[in-house]
$ cat structure11.json   # JSON, C-alpha atoms
[["chain", "number", "residue", "atom", "x", "y", "z"],
["A", 346, "MET", "CA", -22.66, -3.53, -6.76],
["A", 347, "TYR", "CA", -19.10, -2.80, -5.58],
["A", 348, "ASN", "CA", -18.85, -1.99, -1.86],
["A", 349, "LYS", "CA", -16.09, 0.53, -1.23],
["A", 350, "GLY", "CA", -13.46, -0.42, 1.33],
["A", 351, "SER", "CA", -11.85, 1.81, 3.95],
["A", 352, "HIS", "CA", -8.21, 2.86, 3.55],
["A", 353, "ILE", "CA", -6.46, 4.70, 6.41],
["A", 354, "LEU", "CA", -3.17, 6.43, 5.55],
["A", 355, "SER", "CA", -1.30, 7.77, 8.54],
["A", 356, "THR", "CA", 2.03, 9.27, 9.46],
["A", 357, "PHE", "CA", 3.02, 8.58, 13.06],
["A", 358, "LYS", "CA", 5.42, 10.57, 15.22],
["A", 359, "VAL", "CA", 7.20, 7.98, 17.41],
["A", 360, "HIS", "CA", 9.45, 8.82, 20.36],
["A", 361, "GLN", "CA", 10.61, 5.25, 21.06],
["A", 362, "THR", "CA", 12.66, 5.14, 17.87],
["A", 363, "GLU", "CA", 14.04, 1.67, 18.66],
["A", 364, "LEU", "CA", 10.55, 0.37, 17.72],
["A", 365, "LEU", "CA", 11.09, 1.84, 14.24],
["A", 366, "GLN", "CA", 14.17, -0.38, 13.80],
["A", 367, "ASP", "CA", 12.74, -3.68, 15.05],
["A", 368, "HIS", "CA", 10.82, -5.26, 12.19],
["A", 369, "LEU", "CA", 10.48, -8.57, 14.05],
["A", 370, "LEU", "CA", 8.58, -7.01, 16.95],
["A", 371, "PHE", "CA", 6.33, -5.21, 14.48],
["A", 372, "LYS", "CA", 5.78, -8.47, 12.58],
["A", 373, "SER", "CA", 4.64, -10.15, 15.82],
["A", 374, "LEU", "CA", 2.03, -7.43, 16.27],
["A", 375, "ILE", "CA", 0.85, -7.69, 12.66],
["A", 376, "ASP", "CA", 0.65, -11.50, 12.73],
["A", 377, "LYS", "CA", -1.52, -11.28, 15.86],
["A", 378, "LEU", "CA", -3.76, -8.59, 14.31],
["A", 379, "ILE", "CA", -4.25, -10.68, 11.17],
["A", 380, "LEU", "CA", -5.20, -13.70, 13.28],
["A", 381, "ASP", "CA", -7.47, -11.76, 15.65],
["A", 382, "ASN", "CA", -9.25, -10.04, 12.76],
["A", 383, "GLU", "CA", -9.60, -13.25, 10.73],
["A", 384, "LEU", "CA", -7.79, -11.83, 7.71],
["A", 385, "GLU", "CA", -5.86, -13.89, 5.15],
["A", 386, "ASN", "CA", -2.18, -13.18, 4.43],
["A", 387, "VAL", "CA", -1.22, -14.14, 0.85],
["A", 388, "GLY", "CA", 2.31, -12.73, 0.85],
["A", 389, "GLU", "CA", 4.55, -10.40, 2.82],
["A", 390, "THR", "CA", 7.90, -8.62, 2.81],
["A", 391, "TYR", "CA", 9.83, -7.27, 5.81],
["A", 392, "HIS", "CA", 12.99, -5.46, 4.67],
["A", 393, "SER", "CA", 15.39, -3.78, 7.12],
["A", 394, "PHE", "CA", 17.80, -1.05, 6.06],
["A", 395, "THR", "CA", 21.21, -1.42, 7.73],
["A", 396, "GLY", "CA", 21.42, 0.91, 10.72],
["A", 397, "ALA", "CA", 18.12, 2.52, 9.79],
["A", 398, "GLY", "CA", 14.42, 1.69, 9.54],
["A", 399, "PHE", "CA", 12.43, -0.97, 7.77],
["A", 400, "THR", "CA", 9.83, -1.24, 5.05],
["A", 401, "ALA", "CA", 7.14, -3.89, 5.10],
["A", 402, "TYR", "CA", 3.82, -4.92, 3.64],
["A", 403, "VAL", "CA", 1.36, -7.73, 4.01],
["A", 404, "CYS", "CA", -0.77, -8.54, 0.98],
["A", 405, "LEU", "CA", -4.19, -9.78, 2.12],
["A", 406, "THR", "CA", -7.09, -11.33, 0.23],
["A", 407, "GLU", "CA", -8.89, -8.28, 1.73],
["A", 408, "SER", "CA", -6.26, -5.76, 0.34],
["A", 409, "HIS", "CA", -3.12, -4.74, 2.30],
["A", 410, "LEU", "CA", -1.16, -3.39, 5.27],
["A", 411, "SER", "CA", 2.08, -1.41, 4.82],
["A", 412, "ILE", "CA", 4.66, 0.50, 6.82],
["A", 413, "HIS", "CA", 7.80, 2.50, 6.06],
["A", 414, "THR", "CA", 9.79, 3.68, 9.09],
["A", 415, "TRP", "CA", 12.25, 6.56, 9.55],
["A", 416, "PRO", "CA", 13.91, 6.24, 12.98],
["A", 417, "GLU", "CA", 16.25, 9.14, 12.09],
["A", 418, "TYR", "CA", 13.17, 11.39, 11.96],
["A", 419, "GLY", "CA", 11.01, 9.51, 14.52],
["A", 420, "LEU", "CA", 8.40, 8.88, 11.81],
["A", 421, "ALA", "CA", 6.49, 5.99, 10.24],
["A", 422, "THR", "CA", 3.96, 5.96, 7.41],
["A", 423, "PHE", "CA", 1.39, 3.23, 8.07],
["A", 424, "ASP", "CA", -1.52, 2.11, 5.82],
["A", 425, "VAL", "CA", -4.36, -0.30, 6.34],
["A", 426, "PHE", "CA", -6.81, -0.96, 3.50],
["A", 427, "LEU", "CA", -9.50, -3.66, 3.69],
["A", 428, "SER", "CA", -12.15, -4.30, 1.06],
["A", 429, "ASN", "CA", -15.76, -4.90, 2.03],
["A", 430, "PHE", "CA", -16.28, -7.68, -0.52],
["A", 431, "LYS", "CA", -17.43, -10.52, 1.72],
["A", 432, "HIS", "CA", -17.89, -8.68, 5.03],
["A", 433, "ASN", "CA", -17.98, -5.09, 6.21],
["A", 434, "ASN", "CA", -14.42, -4.64, 7.42],
["A", 435, "SER", "CA", -14.54, -0.91, 8.19],
["A", 436, "ASN", "CA", -14.40, -1.46, 11.96],
["A", 437, "LYS", "CA", -11.43, -3.80, 11.53],
["A", 438, "VAL", "CA", -9.58, -1.03, 9.64],
["A", 439, "LYS", "CA", -10.14, 1.33, 12.58],
["A", 440, "ASN", "CA", -9.23, -1.31, 15.17],
["A", 441, "ILE", "CA", -5.99, -2.23, 13.39],
["A", 442, "PHE", "CA", -5.07, 1.43, 13.03],
["A", 443, "GLU", "CA", -5.65, 2.00, 16.78],
["A", 444, "SER", "CA", -3.64, -1.10, 17.72],
["A", 445, "VAL", "CA", -0.65, -0.01, 15.64],
["A", 446, "LYS", "CA", -0.87, 3.56, 16.99],
["A", 447, "LEU", "CA", -0.92, 2.13, 20.54],
["A", 448, "PHE", "CA", 2.00, -0.22, 19.81],
["A", 449, "PHE", "CA", 4.17, 2.75, 18.81],
["A", 450, "ASP", "CA", 2.62, 5.05, 21.47],
["A", 451, "ALA", "CA", 2.41, 7.37, 18.47],
["A", 452, "GLU", "CA", 1.22, 10.90, 17.95],
["A", 453, "ILE", "CA", -0.65, 11.43, 14.69],
["A", 454, "GLU", "CA", 1.35, 13.59, 12.29],
["A", 455, "SER", "CA", -1.15, 13.08, 9.45],
["A", 456, "TYR", "CA", -4.30, 11.00, 8.94],
["A", 457, "HIS", "CA", -6.56, 10.33, 5.96],
["A", 458, "LEU", "CA", -9.51, 7.96, 5.75],
["A", 459, "ILE", "CA", -10.47, 7.26, 2.14],
["A", 460, "GLU", "CA", -13.44, 5.15, 1.07],
["A", 461, "ARG", "CA", -12.55, 3.53, -2.24],
["B", 1449, "MET", "CA", 14.57, 17.30, 7.72],
["B", 1450, "TYR", "CA", 12.11, 14.69, 6.43],
["B", 1451, "ASN", "CA", 11.04, 15.27, 2.80],
["B", 1452, "LYS", "CA", 7.48, 14.15, 2.27],
["B", 1453, "GLY", "CA", 6.85, 11.67, -0.55],
["B", 1454, "SER", "CA", 3.95, 11.62, -3.01],
["B", 1455, "HIS", "CA", 1.29, 8.92, -2.72],
["B", 1456, "ILE", "CA", -1.34, 8.57, -5.47],
["B", 1457, "LEU", "CA", -4.40, 6.44, -4.64],
["B", 1458, "SER", "CA", -6.67, 5.77, -7.57],
["B", 1459, "THR", "CA", -9.64, 3.68, -8.54],
["B", 1460, "PHE", "CA", -9.76, 2.86, -12.25],
["B", 1461, "LYS", "CA", -12.79, 1.97, -14.34],
["B", 1462, "VAL", "CA", -11.55, -0.60, -16.87],
["B", 1463, "HIS", "CA", -13.57, -1.86, -19.84],
["B", 1464, "GLN", "CA", -11.05, -4.51, -21.00],
["B", 1465, "THR", "CA", -11.78, -6.68, -17.98],
["B", 1466, "GLU", "CA", -9.47, -9.47, -19.21],
["B", 1467, "LEU", "CA", -6.59, -7.16, -18.21],
["B", 1468, "LEU", "CA", -7.91, -7.29, -14.62],
["B", 1469, "GLN", "CA", -7.46, -11.08, -14.60],
["B", 1470, "ASP", "CA", -3.96, -11.28, -16.10],
["B", 1471, "HIS", "CA", -1.47, -10.65, -13.32],
["B", 1472, "LEU", "CA", 1.48, -11.77, -15.48],
["B", 1473, "LEU", "CA", 0.86, -9.07, -18.08],
["B", 1474, "PHE", "CA", 0.55, -6.49, -15.29],
["B", 1475, "LYS", "CA", 3.76, -7.79, -13.71],
["B", 1476, "SER", "CA", 5.59, -7.26, -17.05],
["B", 1477, "LEU", "CA", 4.47, -3.63, -17.04],
["B", 1478, "ILE", "CA", 5.49, -3.10, -13.41],
["B", 1479, "ASP", "CA", 8.90, -4.77, -13.87],
["B", 1480, "LYS", "CA", 9.56, -2.44, -16.82],
["B", 1481, "LEU", "CA", 8.41, 0.65, -14.88],
["B", 1482, "ILE", "CA", 10.68, -0.26, -11.94],
["B", 1483, "LEU", "CA", 13.62, -0.66, -14.30],
["B", 1484, "ASP", "CA", 12.91, 2.48, -16.32],
["B", 1485, "ASN", "CA", 12.47, 4.57, -13.16],
["B", 1486, "GLU", "CA", 15.56, 3.11, -11.45],
["B", 1487, "LEU", "CA", 13.61, 1.91, -8.41],
["B", 1488, "GLU", "CA", 14.62, -1.04, -6.22],
["B", 1489, "ASN", "CA", 12.23, -3.97, -5.65],
["B", 1490, "VAL", "CA", 12.85, -5.64, -2.26],
["B", 1491, "GLY", "CA", 9.90, -8.04, -2.30],
["B", 1492, "GLU", "CA", 6.67, -8.67, -4.18],
["B", 1493, "THR", "CA", 3.47, -10.69, -4.13],
["B", 1494, "TYR", "CA", 1.18, -11.44, -7.08],
["B", 1495, "HIS", "CA", -1.87, -13.46, -5.99],
["B", 1496, "SER", "CA", -4.66, -14.47, -8.41],
["B", 1497, "PHE", "CA", -8.15, -15.37, -7.23],
["B", 1498, "THR", "CA", -9.59, -18.34, -9.12],
["B", 1499, "GLY", "CA", -11.93, -17.09, -11.84],
["B", 1500, "ALA", "CA", -11.65, -13.53, -10.57],
["B", 1501, "GLY", "CA", -9.11, -10.74, -10.18],
["B", 1502, "PHE", "CA", -5.72, -10.46, -8.58],
["B", 1503, "THR", "CA", -4.03, -8.62, -5.76],
["B", 1504, "ALA", "CA", -0.41, -7.54, -5.98],
["B", 1505, "TYR", "CA", 2.16, -5.59, -4.06],
["B", 1506, "VAL", "CA", 5.73, -4.50, -4.77],
["B", 1507, "CYS", "CA", 7.78, -3.32, -1.80],
["B", 1508, "LEU", "CA", 10.43, -0.80, -2.88],
["B", 1509, "THR", "CA", 13.30, 0.76, -1.00],
["B", 1510, "GLU", "CA", 11.45, 3.95, -2.05],
["B", 1511, "SER", "CA", 8.06, 2.75, -0.59],
["B", 1512, "HIS", "CA", 5.48, 0.72, -2.61],
["B", 1513, "LEU", "CA", 3.16, -0.06, -5.50],
["B", 1514, "SER", "CA", -0.10, -1.99, -5.04],
["B", 1515, "ILE", "CA", -3.14, -3.10, -7.00],
["B", 1516, "HIS", "CA", -6.35, -4.96, -6.24],
["B", 1517, "THR", "CA", -8.55, -5.80, -9.25],
["B", 1518, "TRP", "CA", -12.27, -6.51, -9.54],
["B", 1519, "PRO", "CA", -13.03, -7.76, -13.08],
["B", 1520, "GLU", "CA", -16.63, -8.49, -12.05],
["B", 1521, "TYR", "CA", -17.08, -4.74, -11.49],
["B", 1522, "GLY", "CA", -14.55, -3.50, -14.09],
["B", 1523, "LEU", "CA", -12.56, -1.80, -11.31],
["B", 1524, "ALA", "CA", -9.02, -1.70, -9.94],
["B", 1525, "THR", "CA", -7.59, 0.20, -6.97],
["B", 1526, "PHE", "CA", -3.99, 1.19, -7.74],
["B", 1527, "ASP", "CA", -1.47, 2.95, -5.46],
["B", 1528, "VAL", "CA", 2.00, 4.34, -6.06],
["B", 1529, "PHE", "CA", 3.96, 5.87, -3.16],
["B", 1530, "LEU", "CA", 7.61, 6.93, -3.48],
["B", 1531, "SER", "CA", 9.61, 8.66, -0.77],
["B", 1532, "ASN", "CA", 11.84, 11.61, -1.58],
["B", 1533, "PHE", "CA", 14.66, 10.45, 0.69],
["B", 1534, "LYS", "CA", 17.56, 10.32, -1.77],
["B", 1535, "HIS", "CA", 16.00, 11.96, -4.83],
["B", 1536, "ASN", "CA", 12.84, 13.88, -5.61],
["B", 1537, "ASN", "CA", 10.61, 11.11, -6.99],
["B", 1538, "SER", "CA", 7.39, 13.09, -7.35],
["B", 1539, "ASN", "CA", 7.56, 13.09, -11.16],
["B", 1540, "LYS", "CA", 8.16, 9.34, -11.15],
["B", 1541, "VAL", "CA", 4.97, 8.87, -9.11],
["B", 1542, "LYS", "CA", 3.00, 10.79, -11.75],
["B", 1543, "ASN", "CA", 4.69, 8.98, -14.65],
["B", 1544, "ILE", "CA", 4.02, 5.55, -13.15],
["B", 1545, "PHE", "CA", 0.41, 6.47, -12.47],
["B", 1546, "GLU", "CA", -0.03, 7.64, -16.10],
["B", 1547, "SER", "CA", 1.64, 4.49, -17.48],
["B", 1548, "VAL", "CA", -0.65, 2.20, -15.48],
["B", 1549, "LYS", "CA", -3.73, 4.24, -16.45],
["B", 1550, "LEU", "CA", -2.69, 3.96, -20.11],
["B", 1551, "PHE", "CA", -2.02, 0.21, -19.81],
["B", 1552, "PHE", "CA", -5.60, -0.36, -18.64],
["B", 1553, "ASP", "CA", -7.01, 2.38, -20.95],
["B", 1554, "ALA", "CA", -8.74, 3.37, -17.71],
["B", 1555, "GLU", "CA", -11.20, 6.06, -16.75],
["B", 1556, "ILE", "CA", -10.54, 7.59, -13.36],
["B", 1557, "GLU", "CA", -13.25, 6.65, -10.87],
["B", 1558, "SER", "CA", -11.42, 8.28, -7.94],
["B", 1559, "TYR", "CA", -8.04, 9.97, -7.46],
["B", 1560, "HIS", "CA", -6.16, 11.32, -4.44],
["B", 1561, "LEU", "CA", -2.64, 12.72, -4.29],
["B", 1562, "ILE", "CA", -1.34, 12.84, -0.72],
["B", 1563, "GLU", "CA", 2.01, 14.30, 0.30],
["B", 1564, "ARG", "CA", 3.19, 12.39, 3.37]]

$ encode --input "structure11.json" --output "structure tokens"
Amino acid sequence: MYNKGSHILSTFKVHQTELLQDHLLFKSLIDKLILDNELENVGETYHSFTGAGFTAYVCLTESHLSIHTWPEYGLATFDVFLSNFKHNNSNKVKNIFESVKLFFDAEIESYHLIER
Amino acid sequence: MYNKGSHILSTFKVHQTELLQDHLLFKSLIDKLILDNELENVGETYHSFTGAGFTAYVCLTESHLSIHTWPEYGLATFDVFLSNFKHNNSNKVKNIFESVKLFFDAEIESYHLIER
């Protein structure tokens, strides 16, 4: 029996727009969250656009994390999706979402939680 | 003014489960779709699980594509998300979704279209 995983899709409004241009600082956060939540990174990309935002993902054995930032609009679209194959990871999805929201000191522009 | 992009999240029911184990065949499809739709790949991961499915991610300047397959359940979760920053890509999102559905000859187990 397949156990659905939780996928949060969010758009953040971010006032500290310099955070939306610093993919290395964001990567430090994500690396720590992966370690703390005992997830397994199997591949990642962090790509910065010159004078603009960045786009990044981490492919996990448990599914994925992704972000696309728009400093010119003070926005970021962030996703966290973890399967529940070996463990119930639903709380980890919520914890990671809250940690990223806190990191950006973000207001929520849009939020969807999909069980899939 | 930020133009929202279209994000389709789907779960496919797939009867030809060998397709859910062959990440190279899927990669051929995705490479062709990226070329045909004039998208730009800035990083990708294709990771196969021994004797099981695969997990894959393509990071695009326009956002991302992702898939996680479960041959043991005949399921795959597939996402396509393209921003509308430079062009309106909403039709490309739908076309890519339809091409991947056709490739797997899939039934739709779940489907969400989110503008974000």

$ interface_residues --input "structure11.json" --of "chain B" --to "chain A" --cutoff "8 Å" --atoms "all atoms listed in the file" --output "list of chain:residue names"
B:Met1449, B:Tyr1450, B:Thr1459, B:Val1490, B:Gly1491, B:Glu1492, B:Thr1493, B:His1495, B:Thr1503, B:Ala1504, B:Tyr1505, B:Cys1507, B:Leu1508, B:Thr1509, B:Ser1511, B:His1516, B:Tyr1521, B:Thr1525, B:Ser1558, B:Arg1564

$ write_last_selection --input "structure11.json" --atoms "C-alpha atoms" --output "CSV table (one decimal), keeping the file's coordinate frame"
chain,number,residue,atom,x,y,z
B,1449,MET,CA,14.6,17.3,7.7
B,1450,TYR,CA,12.1,14.7,6.4
B,1459,THR,CA,-9.6,3.7,-8.5
B,1490,VAL,CA,12.8,-5.6,-2.3
B,1491,GLY,CA,9.9,-8.0,-2.3
B,1492,GLU,CA,6.7,-8.7,-4.2
B,1493,THR,CA,3.5,-10.7,-4.1
B,1495,HIS,CA,-1.9,-13.5,-6.0
B,1503,THR,CA,-4.0,-8.6,-5.8
B,1504,ALA,CA,-0.4,-7.5,-6.0
B,1505,TYR,CA,2.2,-5.6,-4.1
B,1507,CYS,CA,7.8,-3.3,-1.8
B,1508,LEU,CA,10.4,-0.8,-2.9
B,1509,THR,CA,13.3,0.8,-1.0
B,1511,SER,CA,8.1,2.8,-0.6
B,1516,HIS,CA,-6.4,-5.0,-6.2
B,1521,TYR,CA,-17.1,-4.7,-11.5
B,1525,THR,CA,-7.6,0.2,-7.0
B,1558,SER,CA,-11.4,8.3,-7.9
B,1564,ARG,CA,3.2,12.4,3.4

$ atom_distance --input "structure11.json" --atom1 "atom CA of Lys1452 of chain B" --atom2 "atom CA of Phe1529 of chain B"
10.5 Å

$ atom_distance --input "structure11.json" --atom1 "atom CA of Asp1470 of chain B" --atom2 "atom CA of Leu1550 of chain B"
15.8 Å

$ atom_distance --input "structure11.json" --atom1 "atom CA of Ile441 of chain A" --atom2 "atom CA of Asp381 of chain A"
9.9 Å

$ residues_around --input "structure11.json" --residues "Phe1551 of chain B" --least-positions-apart "4" --cutoff "12 Å" --atoms "only C-alpha atoms" --output "CSV table (one decimal) with C-alpha atoms, in the coordinates of the input"
chain,number,residue,atom,x,y,z
B,1460,PHE,CA,-9.8,2.9,-12.2
B,1462,VAL,CA,-11.6,-0.6,-16.9
B,1463,HIS,CA,-13.6,-1.9,-19.8
B,1464,GLN,CA,-11.0,-4.5,-21.0
B,1467,LEU,CA,-6.6,-7.2,-18.2
B,1468,LEU,CA,-7.9,-7.3,-14.6
B,1473,LEU,CA,0.9,-9.1,-18.1
B,1474,PHE,CA,0.6,-6.5,-15.3
B,1475,LYS,CA,3.8,-7.8,-13.7
B,1476,SER,CA,5.6,-7.3,-17.0
B,1477,LEU,CA,4.5,-3.6,-17.0
B,1478,ILE,CA,5.5,-3.1,-13.4
B,1481,LEU,CA,8.4,0.6,-14.9
B,1544,ILE,CA,4.0,5.6,-13.2
B,1545,PHE,CA,0.4,6.5,-12.5
B,1546,GLU,CA,0.0,7.6,-16.1
B,1547,SER,CA,1.6,4.5,-17.5
B,1555,GLU,CA,-11.2,6.1,-16.8

$ closest_residue --input "structure11.json" --among "A:Lys358, A:His432, A:Lys377, A:Leu384" --to "Pro416 of chain A" --atoms "only C-alpha atoms"
A:Lys358

$ build_atoms --input "structure11.json" --residues "segment 423-441 of chain A" --atoms "N, CA, C and O atoms" --output "PDB file, in the frame of the given file"
ATOM      1  N   PHE A 423       2.093   4.505   7.930  1.00  0.00           N
ATOM      2  CA  PHE A 423       1.390   3.230   8.070  1.00  0.00           C
ATOM      3  C   PHE A 423       0.062   3.288   7.315  1.00  0.00           C
ATOM      4  O   PHE A 423      -0.659   4.288   7.406  1.00  0.00           O
ATOM      5  N   ASP A 424      -0.249   2.222   6.559  1.00  0.00           N
ATOM      6  CA  ASP A 424      -1.520   2.110   5.820  1.00  0.00           C
ATOM      7  C   ASP A 424      -2.234   0.824   6.184  1.00  0.00           C
ATOM      8  O   ASP A 424      -1.577  -0.230   6.320  1.00  0.00           O
ATOM      9  N   VAL A 425      -3.540   0.909   6.275  1.00  0.00           N
ATOM     10  CA  VAL A 425      -4.360  -0.300   6.340  1.00  0.00           C
ATOM     11  C   VAL A 425      -5.552  -0.091   5.410  1.00  0.00           C
ATOM     12  O   VAL A 425      -6.241   0.925   5.484  1.00  0.00           O
ATOM     13  N   PHE A 426      -5.754  -1.042   4.509  1.00  0.00           N
ATOM     14  CA  PHE A 426      -6.810  -0.960   3.500  1.00  0.00           C
ATOM     15  C   PHE A 426      -7.474  -2.332   3.430  1.00  0.00           C
ATOM     16  O   PHE A 426      -6.812  -3.329   3.125  1.00  0.00           O
ATOM     17  N   LEU A 427      -8.759  -2.389   3.756  1.00  0.00           N
ATOM     18  CA  LEU A 427      -9.500  -3.660   3.690  1.00  0.00           C
ATOM     19  C   LEU A 427     -10.745  -3.470   2.829  1.00  0.00           C
ATOM     20  O   LEU A 427     -11.529  -2.524   3.049  1.00  0.00           O
ATOM     21  N   SER A 428     -10.941  -4.341   1.878  1.00  0.00           N
ATOM     22  CA  SER A 428     -12.150  -4.300   1.060  1.00  0.00           C
ATOM     23  C   SER A 428     -13.344  -4.755   1.886  1.00  0.00           C
ATOM     24  O   SER A 428     -13.188  -5.372   2.948  1.00  0.00           O
ATOM     25  N   ASN A 429     -14.522  -4.448   1.378  1.00  0.00           N
ATOM     26  CA  ASN A 429     -15.760  -4.900   2.030  1.00  0.00           C
ATOM     27  C   ASN A 429     -16.482  -5.908   1.152  1.00  0.00           C
ATOM     28  O   ASN A 429     -17.708  -5.936   1.099  1.00  0.00           O
ATOM     29  N   PHE A 430     -15.702  -6.760   0.472  1.00  0.00           N
ATOM     30  CA  PHE A 430     -16.280  -7.680  -0.520  1.00  0.00           C
ATOM     31  C   PHE A 430     -17.181  -8.719   0.135  1.00  0.00           C
ATOM     32  O   PHE A 430     -18.348  -8.866  -0.235  1.00  0.00           O
ATOM     33  N   LYS A 431     -16.640  -9.446   1.097  1.00  0.00           N
ATOM     34  CA  LYS A 431     -17.430 -10.520   1.720  1.00  0.00           C
ATOM     35  C   LYS A 431     -18.087 -10.070   3.027  1.00  0.00           C
ATOM     36  O   LYS A 431     -19.126 -10.588   3.410  1.00  0.00           O
ATOM     37  N   HIS A 432     -17.396  -9.158   3.735  1.00  0.00           N
ATOM     38  CA  HIS A 432     -17.890  -8.680   5.030  1.00  0.00           C
ATOM     39  C   HIS A 432     -17.638  -7.180   5.074  1.00  0.00           C
ATOM     40  O   HIS A 432     -16.780  -6.684   4.364  1.00  0.00           O
ATOM     41  N   ASN A 433     -18.327  -6.483   5.962  1.00  0.00           N
ATOM     42  CA  ASN A 433     -17.980  -5.090   6.210  1.00  0.00           C
ATOM     43  C   ASN A 433     -16.803  -5.058   7.173  1.00  0.00           C
ATOM     44  O   ASN A 433     -16.919  -5.455   8.332  1.00  0.00           O
ATOM     45  N   ASN A 434     -15.663  -4.626   6.652  1.00  0.00           N
ATOM     46  CA  ASN A 434     -14.420  -4.640   7.420  1.00  0.00           C
ATOM     47  C   ASN A 434     -14.020  -3.259   7.943  1.00  0.00           C
ATOM     48  O   ASN A 434     -12.904  -3.098   8.448  1.00  0.00           O
ATOM     49  N   SER A 435     -14.918  -2.288   7.833  1.00  0.00           N
ATOM     50  CA  SER A 435     -14.540  -0.910   8.190  1.00  0.00           C
ATOM     51  C   SER A 435     -14.120  -0.799   9.650  1.00  0.00           C
ATOM     52  O   SER A 435     -13.169  -0.067   9.973  1.00  0.00           O
ATOM     53  N   ASN A 436     -14.802  -1.514  10.538  1.00  0.00           N
ATOM     54  CA  ASN A 436     -14.400  -1.460  11.960  1.00  0.00           C
ATOM     55  C   ASN A 436     -13.041  -2.106  12.172  1.00  0.00           C
ATOM     56  O   ASN A 436     -12.271  -1.657  13.022  1.00  0.00           O
ATOM     57  N   LYS A 437     -12.746  -3.153  11.404  1.00  0.00           N
ATOM     58  CA  LYS A 437     -11.430  -3.800  11.530  1.00  0.00           C
ATOM     59  C   LYS A 437     -10.317  -2.826  11.106  1.00  0.00           C
ATOM     60  O   LYS A 437      -9.243  -2.804  11.705  1.00  0.00           O
ATOM     61  N   VAL A 438     -10.570  -2.026  10.076  1.00  0.00           N
ATOM     62  CA  VAL A 438      -9.580  -1.030   9.640  1.00  0.00           C
ATOM     63  C   VAL A 438      -9.278  -0.082  10.804  1.00  0.00           C
ATOM     64  O   VAL A 438      -8.107   0.186  11.120  1.00  0.00           O
ATOM     65  N   LYS A 439     -10.333   0.394  11.458  1.00  0.00           N
ATOM     66  CA  LYS A 439     -10.140   1.330  12.580  1.00  0.00           C
ATOM     67  C   LYS A 439      -9.455   0.657  13.759  1.00  0.00           C
ATOM     68  O   LYS A 439      -8.572   1.244  14.392  1.00  0.00           O
ATOM     69  N   ASN A 440      -9.840  -0.589  14.042  1.00  0.00           N
ATOM     70  CA  ASN A 440      -9.230  -1.310  15.170  1.00  0.00           C
ATOM     71  C   ASN A 440      -7.739  -1.575  14.920  1.00  0.00           C
ATOM     72  O   ASN A 440      -6.918  -1.434  15.832  1.00  0.00           O
ATOM     73  N   ILE A 441      -7.404  -1.962  13.705  1.00  0.00           N
ATOM     74  CA  ILE A 441      -5.990  -2.230  13.390  1.00  0.00           C
ATOM     75  C   ILE A 441      -5.183  -0.938  13.476  1.00  0.00           C
ATOM     76  O   ILE A 441      -4.092  -0.906  14.050  1.00  0.00           O
TER      77      ILE A 441
END
